[in-house]
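Asks: Quick one, model_16.cif (mmCIF, C-alpha atoms, pLDDT in the B column; chains and numbers go by the auth columns):
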```cif
data_start
#
loop_
_atom_site.group_PDB
_atom_site.id
_atom_site.type_symbol
_atom_site.label_atom_id
_atom_site.label_comp_id
_atom_site.label_asym_id
_atom_site.label_seq_id
_atom_site.Cartn_x
_atom_site.Cartn_y
_atom_site.Cartn_z
_atom_site.B_iso_or_equiv
_atom_site.auth_seq_id
_atom_site.auth_asym_id
ATOM 1 C CA MET A 1 15.738 -19.938 70.126 56.00 40 A
ATOM 2 C CA HIS A 2 19.329 -19.101 71.040 71.00 41 A
ATOM 3 C CA SER A 3 20.740 -20.317 74.342 87.00 42 A
ATOM 4 C CA LEU A 4 22.877 -18.240 76.649 95.00 43 A
ATOM 5 C CA GLN A 5 26.612 -18.989 76.622 97.00 44 A
ATOM 6 C CA PHE A 6 28.874 -17.563 79.325 97.00 45 A
ATOM 7 C CA THR A 7 32.259 -16.537 77.922 97.00 46 A
ATOM 8 C CA ALA A 8 34.091 -14.954 80.881 98.00 47 A
ATOM 9 C CA GLU A 9 33.664 -14.431 84.621 97.00 48 A
ATOM 10 C CA SER A 10 35.243 -12.179 87.242 96.00 49 A
ATOM 11 C CA SER A 11 34.377 -10.960 90.725 95.00 50 A
ATOM 12 C CA SER A 12 34.963 -7.637 92.503 92.00 51 A
ATOM 13 C CA ASN A 13 33.227 -5.064 94.710 88.00 52 A
ATOM 14 C CA GLY A 14 30.562 -7.506 95.846 90.00 53 A
ATOM 15 C CA MET A 15 29.549 -8.497 92.306 95.00 54 A
ATOM 16 C CA VAL A 16 30.105 -11.392 89.959 96.00 55 A
ATOM 17 C CA GLU A 17 30.435 -10.181 86.362 97.00 56 A
ATOM 18 C CA ARG A 18 29.702 -12.718 83.625 97.00 57 A
ATOM 19 C CA ASP A 19 30.081 -11.966 79.926 98.00 58 A
ATOM 20 C CA PHE A 20 27.647 -13.872 77.747 98.00 59 A
ATOM 21 C CA THR A 21 26.291 -14.243 74.259 97.00 60 A
ATOM 22 C CA VAL A 22 22.773 -15.053 73.098 97.00 61 A
ATOM 23 C CA GLY A 23 23.251 -16.067 69.498 94.00 62 A
ATOM 24 C CA ASP A 24 25.668 -13.461 68.190 94.00 63 A
ATOM 25 C CA VAL A 25 24.540 -10.739 70.617 97.00 64 A
ATOM 26 C CA PRO A 26 27.062 -10.001 73.405 97.00 65 A
ATOM 27 C CA GLY A 27 26.016 -8.953 76.887 98.00 66 A
ATOM 28 C CA VAL A 28 27.034 -8.897 80.520 98.00 67 A
ATOM 29 C CA LEU A 29 25.233 -10.110 83.651 98.00 68 A
ATOM 30 C CA TRP A 30 26.102 -8.765 87.099 97.00 69 A
ATOM 31 C CA SER A 31 24.975 -10.776 90.124 96.00 70 A
ATOM 32 C CA PRO A 32 25.502 -10.729 93.905 95.00 71 A
ATOM 33 C CA ALA A 33 28.758 -12.345 94.961 91.00 72 A
ATOM 34 C CA SER A 34 27.110 -13.704 98.098 82.00 73 A
ATOM 35 C CA GLY A 35 25.290 -16.580 96.432 69.00 74 A
ATOM 36 C CA THR A 36 22.808 -17.778 93.833 61.00 75 A
ATOM 37 C CA ASP A 37 19.506 -17.164 95.646 75.00 76 A
ATOM 38 C CA ARG A 38 16.728 -16.235 93.264 88.00 77 A
ATOM 39 C CA ALA A 39 16.421 -12.468 92.852 93.00 78 A
ATOM 40 C CA PRO A 40 14.748 -9.915 90.544 96.00 79 A
ATOM 41 C CA LEU A 41 16.373 -8.899 87.255 97.00 80 A
ATOM 42 C CA VAL A 42 16.822 -5.384 85.893 98.00 81 A
ATOM 43 C CA LEU A 43 17.561 -5.120 82.173 98.00 82 A
ATOM 44 C CA MET A 44 19.545 -2.029 81.242 98.00 83 A
ATOM 45 C CA GLY A 45 19.995 -0.116 77.989 98.00 84 A
ATOM 46 C CA HIS A 46 23.137 1.933 77.333 98.00 85 A
ATOM 47 C CA GLY A 47 23.273 5.361 75.713 96.00 86 A
ATOM 48 C CA GLY A 48 24.129 6.173 72.122 94.00 87 A
ATOM 49 C CA GLY A 49 27.802 5.720 71.369 92.00 88 A
ATOM 50 C CA ALA A 50 28.315 3.816 74.641 95.00 89 A
ATOM 51 C CA HIS A 51 28.340 0.069 75.328 96.00 90 A
ATOM 52 C CA LYS A 52 27.434 -2.674 77.774 97.00 91 A
ATOM 53 C CA LYS A 53 30.407 -2.074 80.094 96.00 92 A
ATOM 54 C CA HIS A 54 30.334 1.719 80.011 96.00 93 A
ATOM 55 C CA ALA A 55 30.944 3.270 83.440 95.00 94 A
ATOM 56 C CA ALA A 56 27.277 4.302 83.647 95.00 95 A
ATOM 57 C CA MET A 57 26.188 0.684 83.188 97.00 96 A
ATOM 58 C CA ALA A 58 28.683 -0.732 85.660 96.00 97 A
ATOM 59 C CA GLY A 59 27.765 1.979 88.177 96.00 98 A
ATOM 60 C CA ARG A 60 24.043 1.314 87.919 97.00 99 A
ATOM 61 C CA ALA A 61 24.680 -2.418 88.184 97.00 100 A
ATOM 62 C CA HIS A 62 26.715 -1.944 91.363 96.00 101 A
ATOM 63 C CA LEU A 63 23.859 -0.016 93.000 96.00 102 A
ATOM 64 C CA LEU A 64 21.274 -2.603 91.973 96.00 103 A
ATOM 65 C CA VAL A 65 23.368 -5.656 92.871 96.00 104 A
ATOM 66 C CA THR A 66 24.990 -4.551 96.121 94.00 105 A
ATOM 67 C CA GLY A 67 22.187 -2.254 97.242 93.00 106 A
ATOM 68 C CA CYS A 68 19.195 -4.502 96.481 93.00 107 A
ATOM 69 C CA GLY A 69 20.569 -7.968 95.755 94.00 108 A
ATOM 70 C CA PHE A 70 19.252 -7.792 92.179 96.00 109 A
ATOM 71 C CA HIS A 71 20.732 -9.165 88.973 97.00 110 A
ATOM 72 C CA ALA A 72 21.444 -6.589 86.246 98.00 111 A
ATOM 73 C CA ALA A 73 22.064 -7.285 82.563 98.00 112 A
ATOM 74 C CA VAL A 74 22.720 -5.279 79.397 98.00 113 A
ATOM 75 C CA ILE A 75 23.486 -6.141 75.783 98.00 114 A
ATOM 76 C CA ASP A 76 25.385 -4.109 73.212 97.00 115 A
ATOM 77 C CA ALA A 77 23.004 -2.291 70.888 97.00 116 A
ATOM 78 C CA PRO A 78 23.436 -2.976 67.161 96.00 117 A
ATOM 79 C CA GLY A 79 26.529 -1.221 65.833 95.00 118 A
ATOM 80 C CA HIS A 80 27.969 -0.594 69.308 95.00 119 A
ATOM 81 C CA ARG A 81 31.141 -1.883 71.028 88.00 120 A
ATOM 82 C CA ASP A 82 31.502 -5.559 70.106 89.00 121 A
ATOM 83 C CA ARG A 83 28.959 -5.438 67.282 94.00 122 A
ATOM 84 C CA PRO A 84 30.193 -4.301 63.859 92.00 123 A
ATOM 85 C CA ARG A 85 28.863 -1.123 62.294 93.00 124 A
ATOM 86 C CA THR A 86 27.127 -1.369 58.949 93.00 125 A
ATOM 87 C CA ALA A 87 27.571 1.115 56.131 95.00 126 A
ATOM 88 C CA HIS A 88 24.239 2.613 57.181 92.00 127 A
ATOM 89 C CA ASP A 89 25.529 3.052 60.752 93.00 128 A
ATOM 90 C CA GLU A 90 28.612 4.864 59.469 95.00 129 A
ATOM 91 C CA GLN A 91 26.531 7.144 57.259 95.00 130 A
ATOM 92 C CA GLU A 92 24.136 8.074 60.060 94.00 131 A
ATOM 93 C CA ILE A 93 26.975 8.776 62.488 93.00 132 A
ATOM 94 C CA ALA A 94 28.732 10.955 59.922 95.00 133 A
ATOM 95 C CA GLU A 95 25.521 12.925 59.343 95.00 134 A
ATOM 96 C CA LEU A 96 25.095 13.380 63.094 94.00 135 A
ATOM 97 C CA ARG A 97 28.651 14.665 63.537 94.00 136 A
ATOM 98 C CA LYS A 98 28.112 17.060 60.612 95.00 137 A
ATOM 99 C CA ALA A 99 24.924 18.436 62.181 94.00 138 A
ATOM 100 C CA GLN A 100 26.609 18.818 65.562 91.00 139 A
ATOM 101 C CA ALA A 101 29.549 20.690 64.033 94.00 140 A
ATOM 102 C CA ALA A 102 27.164 23.046 62.230 95.00 141 A
ATOM 103 C CA GLY A 103 25.009 23.604 65.316 92.00 142 A
ATOM 104 C CA GLU A 104 21.984 22.119 63.564 94.00 143 A
ATOM 105 C CA PRO A 105 19.189 20.152 65.296 93.00 144 A
ATOM 106 C CA GLU A 106 20.078 16.508 65.939 94.00 145 A
ATOM 107 C CA GLY A 107 16.578 15.118 66.269 95.00 146 A
ATOM 108 C CA PRO A 108 15.865 14.668 62.534 96.00 147 A
ATOM 109 C CA ILE A 109 18.896 12.356 62.344 96.00 148 A
ATOM 110 C CA VAL A 110 18.849 10.639 65.736 96.00 149 A
ATOM 111 C CA VAL A 111 15.120 9.829 65.883 97.00 150 A
ATOM 112 C CA PRO A 112 14.879 7.660 62.730 96.00 151 A
ATOM 113 C CA TYR A 113 18.297 6.093 63.325 96.00 152 A
ATOM 114 C CA ASN A 114 17.440 5.117 66.893 97.00 153 A
ATOM 115 C CA ALA A 115 14.055 3.828 65.739 97.00 154 A
ATOM 116 C CA ARG A 116 15.858 1.522 63.316 96.00 155 A
ATOM 117 C CA LEU A 117 18.186 0.320 66.090 97.00 156 A
ATOM 118 C CA ALA A 118 15.163 -0.329 68.295 98.00 157 A
ATOM 119 C CA GLU A 119 13.527 -2.497 65.625 97.00 158 A
ATOM 120 C CA LEU A 120 16.603 -4.713 65.745 97.00 159 A
ATOM 121 C CA ALA A 121 17.251 -4.552 69.487 98.00 160 A
ATOM 122 C CA VAL A 122 13.760 -5.211 70.889 98.00 161 A
ATOM 123 C CA PRO A 123 13.623 -8.855 69.721 98.00 162 A
ATOM 124 C CA GLU A 124 17.228 -9.259 70.886 98.00 163 A
ATOM 125 C CA TYR A 125 16.323 -8.069 74.380 98.00 164 A
ATOM 126 C CA ARG A 126 13.316 -10.373 74.463 98.00 165 A
ATOM 127 C CA ALA A 127 15.467 -13.335 73.437 97.00 166 A
ATOM 128 C CA THR A 128 18.027 -12.343 76.084 98.00 167 A
ATOM 129 C CA LEU A 129 15.301 -12.208 78.713 98.00 168 A
ATOM 130 C CA ASP A 130 14.123 -15.674 77.666 97.00 169 A
ATOM 131 C CA ALA A 131 17.664 -17.001 78.098 97.00 170 A
ATOM 132 C CA LEU A 132 18.335 -15.245 81.412 97.00 171 A
ATOM 133 C CA GLN A 133 15.097 -16.538 82.898 96.00 172 A
ATOM 134 C CA ASP A 134 16.315 -20.073 82.237 95.00 173 A
ATOM 135 C CA LEU A 135 18.977 -19.468 84.909 95.00 174 A
ATOM 136 C CA PRO A 136 17.897 -20.865 88.305 92.00 175 A
ATOM 137 C CA GLU A 137 19.033 -17.705 90.110 93.00 176 A
ATOM 138 C CA ILE A 138 16.618 -15.604 88.019 95.00 177 A
ATOM 139 C CA GLY A 139 13.774 -17.931 87.026 93.00 178 A
ATOM 140 C CA ALA A 140 10.817 -17.548 84.693 93.00 179 A
ATOM 141 C CA ASP A 141 8.449 -16.069 87.286 90.00 180 A
ATOM 142 C CA GLY A 142 10.691 -13.439 88.899 91.00 181 A
ATOM 143 C CA PRO A 143 10.119 -9.673 88.709 95.00 182 A
ATOM 144 C CA VAL A 144 11.804 -7.802 85.837 98.00 183 A
ATOM 145 C CA GLY A 145 12.549 -4.085 85.452 98.00 184 A
ATOM 146 C CA TYR A 146 14.151 -1.966 82.738 98.00 185 A
ATOM 147 C CA VAL A 147 16.282 1.179 82.867 98.00 186 A
ATOM 148 C CA GLY A 148 17.697 3.109 79.922 98.00 187 A
ATOM 149 C CA ILE A 149 18.425 6.770 79.149 97.00 188 A
ATOM 150 C CA GLY A 150 18.872 8.257 75.658 97.00 189 A
ATOM 151 C CA LEU A 151 19.258 5.372 73.200 97.00 190 A
ATOM 152 C CA GLY A 152 18.285 3.146 76.130 98.00 191 A
ATOM 153 C CA THR A 153 14.903 4.901 76.123 98.00 192 A
ATOM 154 C CA ALA A 154 14.555 4.704 72.339 98.00 193 A
ATOM 155 C CA ILE A 155 14.942 0.930 72.661 98.00 194 A
ATOM 156 C CA GLY A 156 13.266 0.569 76.037 98.00 195 A
ATOM 157 C CA VAL A 157 9.922 2.205 75.324 98.00 196 A
ATOM 158 C CA PRO A 158 8.954 -0.191 72.495 98.00 197 A
ATOM 159 C CA LEU A 159 10.474 -3.058 74.485 98.00 198 A
ATOM 160 C CA VAL A 160 8.405 -2.380 77.605 98.00 199 A
ATOM 161 C CA ALA A 161 5.304 -1.827 75.460 98.00 200 A
ATOM 162 C CA ALA A 162 5.799 -5.255 73.878 98.00 201 A
ATOM 163 C CA GLU A 163 7.066 -7.206 76.901 98.00 202 A
ATOM 164 C CA PRO A 164 4.542 -8.003 79.678 97.00 203 A
ATOM 165 C CA ARG A 165 7.254 -9.507 81.890 98.00 204 A
ATOM 166 C CA ILE A 166 8.697 -6.026 82.550 98.00 205 A
ATOM 167 C CA THR A 167 6.704 -4.490 85.397 98.00 206 A
ATOM 168 C CA ALA A 168 8.557 -1.217 86.135 98.00 207 A
ATOM 169 C CA ALA A 169 10.799 1.044 84.040 98.00 208 A
ATOM 170 C CA VAL A 170 13.034 4.104 84.207 98.00 209 A
ATOM 171 C CA PHE A 171 13.426 6.255 81.084 98.00 210 A
ATOM 172 C CA GLY A 172 14.668 9.701 80.097 97.00 211 A
ATOM 173 C CA MET A 173 16.138 12.137 77.597 97.00 212 A
ATOM 174 C CA MET A 174 14.791 11.150 74.197 97.00 213 A
ATOM 175 C CA TRP A 175 12.697 12.822 71.530 97.00 214 A
ATOM 176 C CA PRO A 176 9.062 11.636 71.507 98.00 215 A
ATOM 177 C CA ASP A 177 8.528 11.480 67.742 96.00 216 A
ATOM 178 C CA ALA A 178 8.946 7.714 67.238 97.00 217 A
ATOM 179 C CA LEU A 179 7.890 6.700 70.759 98.00 218 A
ATOM 180 C CA VAL A 180 4.533 8.271 71.569 98.00 219 A
ATOM 181 C CA GLU A 181 2.359 5.433 70.276 98.00 220 A
ATOM 182 C CA ALA A 182 4.375 2.811 72.170 98.00 221 A
ATOM 183 C CA ALA A 183 4.364 4.987 75.307 98.00 222 A
ATOM 184 C CA LYS A 184 0.558 5.106 75.170 98.00 223 A
ATOM 185 C CA GLN A 185 0.572 1.311 75.554 98.00 224 A
ATOM 186 C CA ILE A 186 2.671 1.344 78.732 98.00 225 A
ATOM 187 C CA THR A 187 0.791 1.156 82.032 98.00 226 A
ATOM 188 C CA VAL A 188 3.507 -0.074 84.428 98.00 227 A
ATOM 189 C CA PRO A 189 5.079 2.348 86.953 98.00 228 A
ATOM 190 C CA ILE A 190 7.472 4.786 85.296 98.00 229 A
ATOM 191 C CA GLU A 191 10.199 7.122 86.521 98.00 230 A
ATOM 192 C CA PHE A 192 11.309 9.655 83.902 98.00 231 A
ATOM 193 C CA ALA A 193 14.385 11.882 84.160 98.00 232 A
ATOM 194 C CA MET A 194 15.138 14.925 82.013 98.00 233 A
ATOM 195 C CA GLN A 195 17.429 17.932 81.952 98.00 234 A
ATOM 196 C CA TRP A 196 15.458 21.184 82.018 97.00 235 A
ATOM 197 C CA ASP A 197 18.107 23.127 80.072 97.00 236 A
ATOM 198 C CA ASN A 198 18.925 20.347 77.587 96.00 237 A
ATOM 199 C CA GLU A 199 20.530 21.909 74.516 94.00 238 A
ATOM 200 C CA ARG A 200 19.916 18.789 72.414 93.00 239 A
ATOM 201 C CA ILE A 201 16.400 17.654 73.354 96.00 240 A
ATOM 202 C CA PRO A 202 14.029 20.579 74.069 94.00 241 A
ATOM 203 C CA ARG A 203 12.209 20.356 77.382 95.00 242 A
ATOM 204 C CA GLU A 204 8.891 20.443 75.519 97.00 243 A
ATOM 205 C CA ALA A 205 9.890 17.219 73.741 97.00 244 A
ATOM 206 C CA GLY A 206 10.653 15.484 77.031 97.00 245 A
ATOM 207 C CA LEU A 207 7.332 16.607 78.497 98.00 246 A
ATOM 208 C CA VAL A 208 5.428 15.279 75.465 98.00 247 A
ATOM 209 C CA LEU A 209 6.976 11.845 75.927 98.00 248 A
ATOM 210 C CA PHE A 210 6.349 11.812 79.674 98.00 249 A
ATOM 211 C CA ASP A 211 2.741 12.824 79.146 98.00 250 A
ATOM 212 C CA ALA A 212 2.213 10.009 76.622 98.00 251 A
ATOM 213 C CA PHE A 213 2.771 7.184 79.117 98.00 252 A
ATOM 214 C CA ALA A 214 -0.541 5.646 80.170 98.00 253 A
ATOM 215 C CA SER A 215 0.821 4.631 83.581 98.00 254 A
ATOM 216 C CA LYS A 216 -1.252 5.563 86.610 97.00 255 A
ATOM 217 C CA GLU A 217 2.001 5.847 88.554 98.00 256 A
ATOM 218 C CA LYS A 218 4.589 7.938 86.747 98.00 257 A
ATOM 219 C CA THR A 219 7.074 10.376 88.230 98.00 258 A
ATOM 220 C CA LEU A 220 8.929 13.185 86.442 98.00 259 A
ATOM 221 C CA HIS A 221 12.403 14.212 87.602 98.00 260 A
ATOM 222 C CA ALA A 222 13.396 17.511 85.944 97.00 261 A
ATOM 223 C CA ASN A 223 16.916 18.592 86.844 97.00 262 A
ATOM 224 C CA ALA A 224 18.543 21.909 86.047 97.00 263 A
ATOM 225 C CA GLY A 225 21.424 21.616 83.597 97.00 264 A
ATOM 226 C CA LYS A 226 22.340 20.573 80.097 96.00 265 A
ATOM 227 C CA HIS A 227 22.262 17.188 78.372 95.00 266 A
ATOM 228 C CA PHE A 228 25.338 15.696 80.035 93.00 267 A
ATOM 229 C CA ASP A 229 24.689 17.269 83.448 96.00 268 A
ATOM 230 C CA MET A 230 22.273 14.657 84.781 95.00 269 A
ATOM 231 C CA PRO A 231 23.122 14.293 88.476 96.00 270 A
ATOM 232 C CA LEU A 232 24.453 11.005 89.768 94.00 271 A
ATOM 233 C CA PHE A 233 21.723 10.842 92.391 96.00 272 A
ATOM 234 C CA GLU A 234 19.267 9.931 89.631 97.00 273 A
ATOM 235 C CA ALA A 235 20.872 6.482 89.598 96.00 274 A
ATOM 236 C CA ASP A 236 20.254 6.226 93.352 96.00 275 A
ATOM 237 C CA SER A 237 16.650 7.254 92.809 97.00 276 A
ATOM 238 C CA ALA A 238 16.205 4.615 90.103 97.00 277 A
ATOM 239 C CA THR A 239 17.552 1.991 92.505 97.00 278 A
ATOM 240 C CA ARG A 240 15.000 2.982 95.158 96.00 279 A
ATOM 241 C CA PHE A 241 12.277 2.933 92.488 97.00 280 A
ATOM 242 C CA PHE A 242 13.110 -0.660 91.549 97.00 281 A
ATOM 243 C CA ALA A 243 13.388 -1.673 95.201 96.00 282 A
ATOM 244 C CA ARG A 244 9.786 -0.506 95.691 96.00 283 A
ATOM 245 C CA HIS A 245 8.372 -2.143 92.610 96.00 284 A
ATOM 246 C CA LEU A 246 10.435 -5.349 92.370 96.00 285 A
ATOM 247 C CA GLY A 247 10.294 -6.154 96.054 84.00 286 A
ATOM 248 C CA ARG A 248 13.673 -5.644 97.743 67.00 287 A
ATOM 249 C CA ALA A 249 14.817 -3.169 100.390 62.00 288 A
ATOM 250 C CA VAL A 250 17.752 -0.877 99.598 67.00 289 A
ATOM 251 C CA THR A 251 20.835 -1.395 101.768 65.00 290 A
ATOM 252 C CA SER A 252 24.109 0.450 101.850 51.00 291 A
ATOM 253 C CA PRO A 253 26.280 -0.622 98.868 47.00 292 A
ATOM 254 C CA ALA A 254 29.206 -2.893 99.702 43.00 293 A
#
```
Rewrite the structure of this file - the entire thing - as structure tokens.
Replies:
Amino acid sequence: MHSLQFTAESSSNGMVERDFTVGDVPGVLWSPASGTDRAPLVLMGHGGGAHKKHAAMAGRAHLLVTGCGFHAAVIDAPGHRDRPRTAHDEQEIAELRKAQAAGEPEGPIVVPYNARLAELAVPEYRATLDALQDLPEIGADGPVGYVGIGLGTAIGVPLVAAEPRITAAVFGMMWPDALVEAAKQITVPIEFAMQWDNERIPREAGLVLFDAFASKEKTLHANAGKHFDMPLFEADSATRFFARHLGRAVTSPA
């Protein structure tokens, strides 16, 4: 088992930001600046081509930390940001760019590539959760949620299916092909966001994945617009979702 090592710390906008590593996997933990009282943890997964400190991750963390008093953490997916790309990564990315330039479907490339990344990332997230729960401000018995869109869903669905400590999750915008069987194993509350006019992932694909979840409580948010048009208020909605299911009231962000 790898222990968590903090490598840098800063504070701003009501949050403490701590870079860490678990083994050779880099991540970041955002926590309330007001103290070290025990609070729920939300694990986050970044999108394809993004990274742990992408604006979307920092923005979600700010809502969760300052709005609910939660901790929020994310690790770089294999081949992203501070993790070197393999020759296979480079080949898959080149094939994706070629398909995009030709206007060809992306799913046949993205689905198996993301499935491979998920095979690597799921045990990394579970090891990270082990290490984070050793911190007194999080603890081994505290509530845990997960949020990830795109690649974050490709990793998150098998993670939540395998990890009983995660009791609520927010997903969205991913092909169902490699995820349906894992989704059928998930019974925790789910919020699922999709773009109705998505030019990359057909709406029928999103509906198949949503339908596969075995959760008694699952909510579909279908917004008009294309792939990159997801409204910012979906992040606010996810924060309220976690406040309901992890046990904290939402307050106005600092």
Asks: Which residue gives the smallest distance to Val104 in chain A among A:Gly178, A:Gly245, A:Pro71, A:Gly146, with all atoms listed in the file counted?
Replies: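 Of A:Gly178, A:Gly245, A:Pro71, A:Gly146, the one nearest Val104 in chain A, counting all atoms listed in the file, is A:Pro71.
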Asks: Could you tell me which residues the PyMOL selection byres ((chain A and resi 193) around 10) grabs in this file, written as a ChimeraX atom specification?
Replies: /A:84,86-87,149-150,152-158,187-192,194-198,210-215,217-218
Asks: For this structure, which residues satisfy the selection - the PyMOL selection byres ((chain A and resi 45) around 6) - when it is evaluated on the file as given? I want them as a tab-separated table (two decimals) with C-alpha atoms, in the frame of the given file.
Replies:
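out-v2.tsv, freshly written:
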```
chain	number	residue	atom	x	y	z
A	44	GLN	CA	26.61	-18.99	76.62
A	46	THR	CA	32.26	-16.54	77.92
A	58	ASP	CA	30.08	-11.97	79.93
A	59	PHE	CA	27.65	-13.87	77.75
```
Asks: Would you list the contacts of Val199 in chain A as a count of residues only, taking every protein, DNA or RNA residue within 12 Å and counting all atoms listed in the file, but skipping same-chain residues closer than 2 positions in sequence?
Replies: 42
Asks: Can you tell me, as a PyMOL selection string, what residues are no more than 10 Å from range 117-125 of chain A when counting all atoms listed in the file, ignoring any on the same chain fewer than 5 positions away?
Replies: chain A and resi 63-66+85-93+130-131+155-157+159-160+163
Asks: Could you tell me how far CA of Ala138 in chain A lies from CA of Ala244 in chain A, in Å and to one decimal?
Replies: 19.0 Å
Asks: Which is closer to Leu135 in chain A than all the others in A:Arg239, A:Ser70, A:Ala251, A:Ala100, using all atoms listed in the file?
Replies: A:Arg239
Asks: Given the file shown, determine the residues that the PyMOL selection byres ((chain A and resi 72) around 6) selects; report them as a list in words.
Replies: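 Applied to this file, the PyMOL selection byres ((chain A and resi 72) around 6) returns Gly53, Met54, Val55, Pro71, Ser73 and Gly74 of chain A.
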Asks: Rank A:Gly286, A:Gly142, A:Pro79, A:Gly264 by their smallest atom-to-atom distance to Ile177 in chain A, using all atoms listed in the file, and report the top residue only.
Replies: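 Residue with the minimum atom-to-atom distance to Ile177 in chain A: A:Pro79.
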Asks: Would you list the contacts of Ala277 in chain A as a compact mmCIF listing (two decimals) with C-alpha atoms, keeping the file's coordinate frame, taking every protein, DNA or RNA residue within 10 Å and counting all atoms listed in the file, but skipping same-chain residues closer than 2 positions in sequence?
Replies:
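Once written, result_37.txt looks like this:
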```
# COMPACT_ATOMS: atom_id res chain seq x y z
CA ARG A 99 24.04 1.31 87.92
CA LEU A 102 23.86 -0.02 93.00
CA LEU A 103 21.27 -2.60 91.97
CA VAL A 186 16.28 1.18 82.87
CA ALA A 208 10.80 1.04 84.04
CA VAL A 209 13.03 4.10 84.21
CA PHE A 210 13.43 6.26 81.08
CA ILE A 229 7.47 4.79 85.30
CA GLU A 230 10.20 7.12 86.52
CA PHE A 231 11.31 9.65 83.90
CA ALA A 232 14.38 11.88 84.16
CA PHE A 272 21.72 10.84 92.39
CA GLU A 273 19.27 9.93 89.63
CA ALA A 274 20.87 6.48 89.60
CA ASP A 275 20.25 6.23 93.35
CA ARG A 279 15.00 2.98 95.16
CA PHE A 280 12.28 2.93 92.49
CA PHE A 281 13.11 -0.66 91.55
CA ALA A 282 13.39 -1.67 95.20
CA ARG A 283 9.79 -0.51 95.69
```
Asks: Calculate how many Å separate CA of Phe109 in chain A from CA of Leu80 in chain A, rounding to one decimal.
Replies: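 Answer for the CA of Phe109 in chain A to CA of Leu80 in chain A separation: 5.8 Å.
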Asks: Generate N, CA and C atoms for range 257-272 of chain A and emit them as a short mmCIF file (atom, residue, chain, number, x, y, z; two decimals), in the coordinates of the input.
Replies:
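Result written to rebuild.cif:
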```cif
data_model
loop_
_atom_site.label_atom_id
_atom_site.label_comp_id
_atom_site.auth_asym_id
_atom_site.auth_seq_id
_atom_site.Cartn_x
_atom_site.Cartn_y
_atom_site.Cartn_z
N LYS A 257 3.43 7.49 87.51
CA LYS A 257 4.59 7.94 86.75
C LYS A 257 5.11 9.21 87.41
N THR A 258 6.42 9.29 87.52
CA THR A 258 7.07 10.38 88.23
C THR A 258 8.06 11.06 87.32
N LEU A 259 8.02 12.40 87.27
CA LEU A 259 8.93 13.18 86.44
C LEU A 259 10.00 13.81 87.31
N HIS A 260 11.27 13.57 86.94
CA HIS A 260 12.40 14.21 87.60
C HIS A 260 13.03 15.18 86.60
N ALA A 261 12.84 16.48 86.83
CA ALA A 261 13.40 17.51 85.94
C ALA A 261 14.52 18.22 86.69
N ASN A 262 15.74 18.02 86.19
CA ASN A 262 16.92 18.59 86.84
C ASN A 262 17.45 19.77 86.03
N ALA A 263 17.90 20.80 86.72
CA ALA A 263 18.54 21.91 86.05
C ALA A 263 19.84 21.43 85.41
N GLY A 264 20.17 21.98 84.24
CA GLY A 264 21.42 21.62 83.60
C GLY A 264 21.23 21.13 82.19
N LYS A 265 22.35 20.97 81.49
CA LYS A 265 22.34 20.57 80.10
C LYS A 265 22.35 19.05 79.95
N HIS A 266 22.46 18.60 78.70
CA HIS A 266 22.26 17.19 78.37
C HIS A 266 23.14 16.25 79.20
N PHE A 267 24.41 16.59 79.34
CA PHE A 267 25.34 15.70 80.04
C PHE A 267 25.50 16.04 81.51
N ASP A 268 24.59 16.84 82.05
CA ASP A 268 24.69 17.27 83.45
C ASP A 268 23.77 16.49 84.38
N MET A 269 23.19 15.41 83.92
CA MET A 269 22.27 14.66 84.78
C MET A 269 22.98 14.23 86.06
N PRO A 270 22.44 14.59 87.21
CA PRO A 270 23.12 14.29 88.48
C PRO A 270 23.19 12.80 88.77
N LEU A 271 24.26 12.42 89.44
CA LEU A 271 24.45 11.00 89.77
C LEU A 271 23.37 10.47 90.69
N PHE A 272 22.74 11.36 91.46
CA PHE A 272 21.72 10.84 92.39
C PHE A 272 20.49 10.30 91.67
#
```
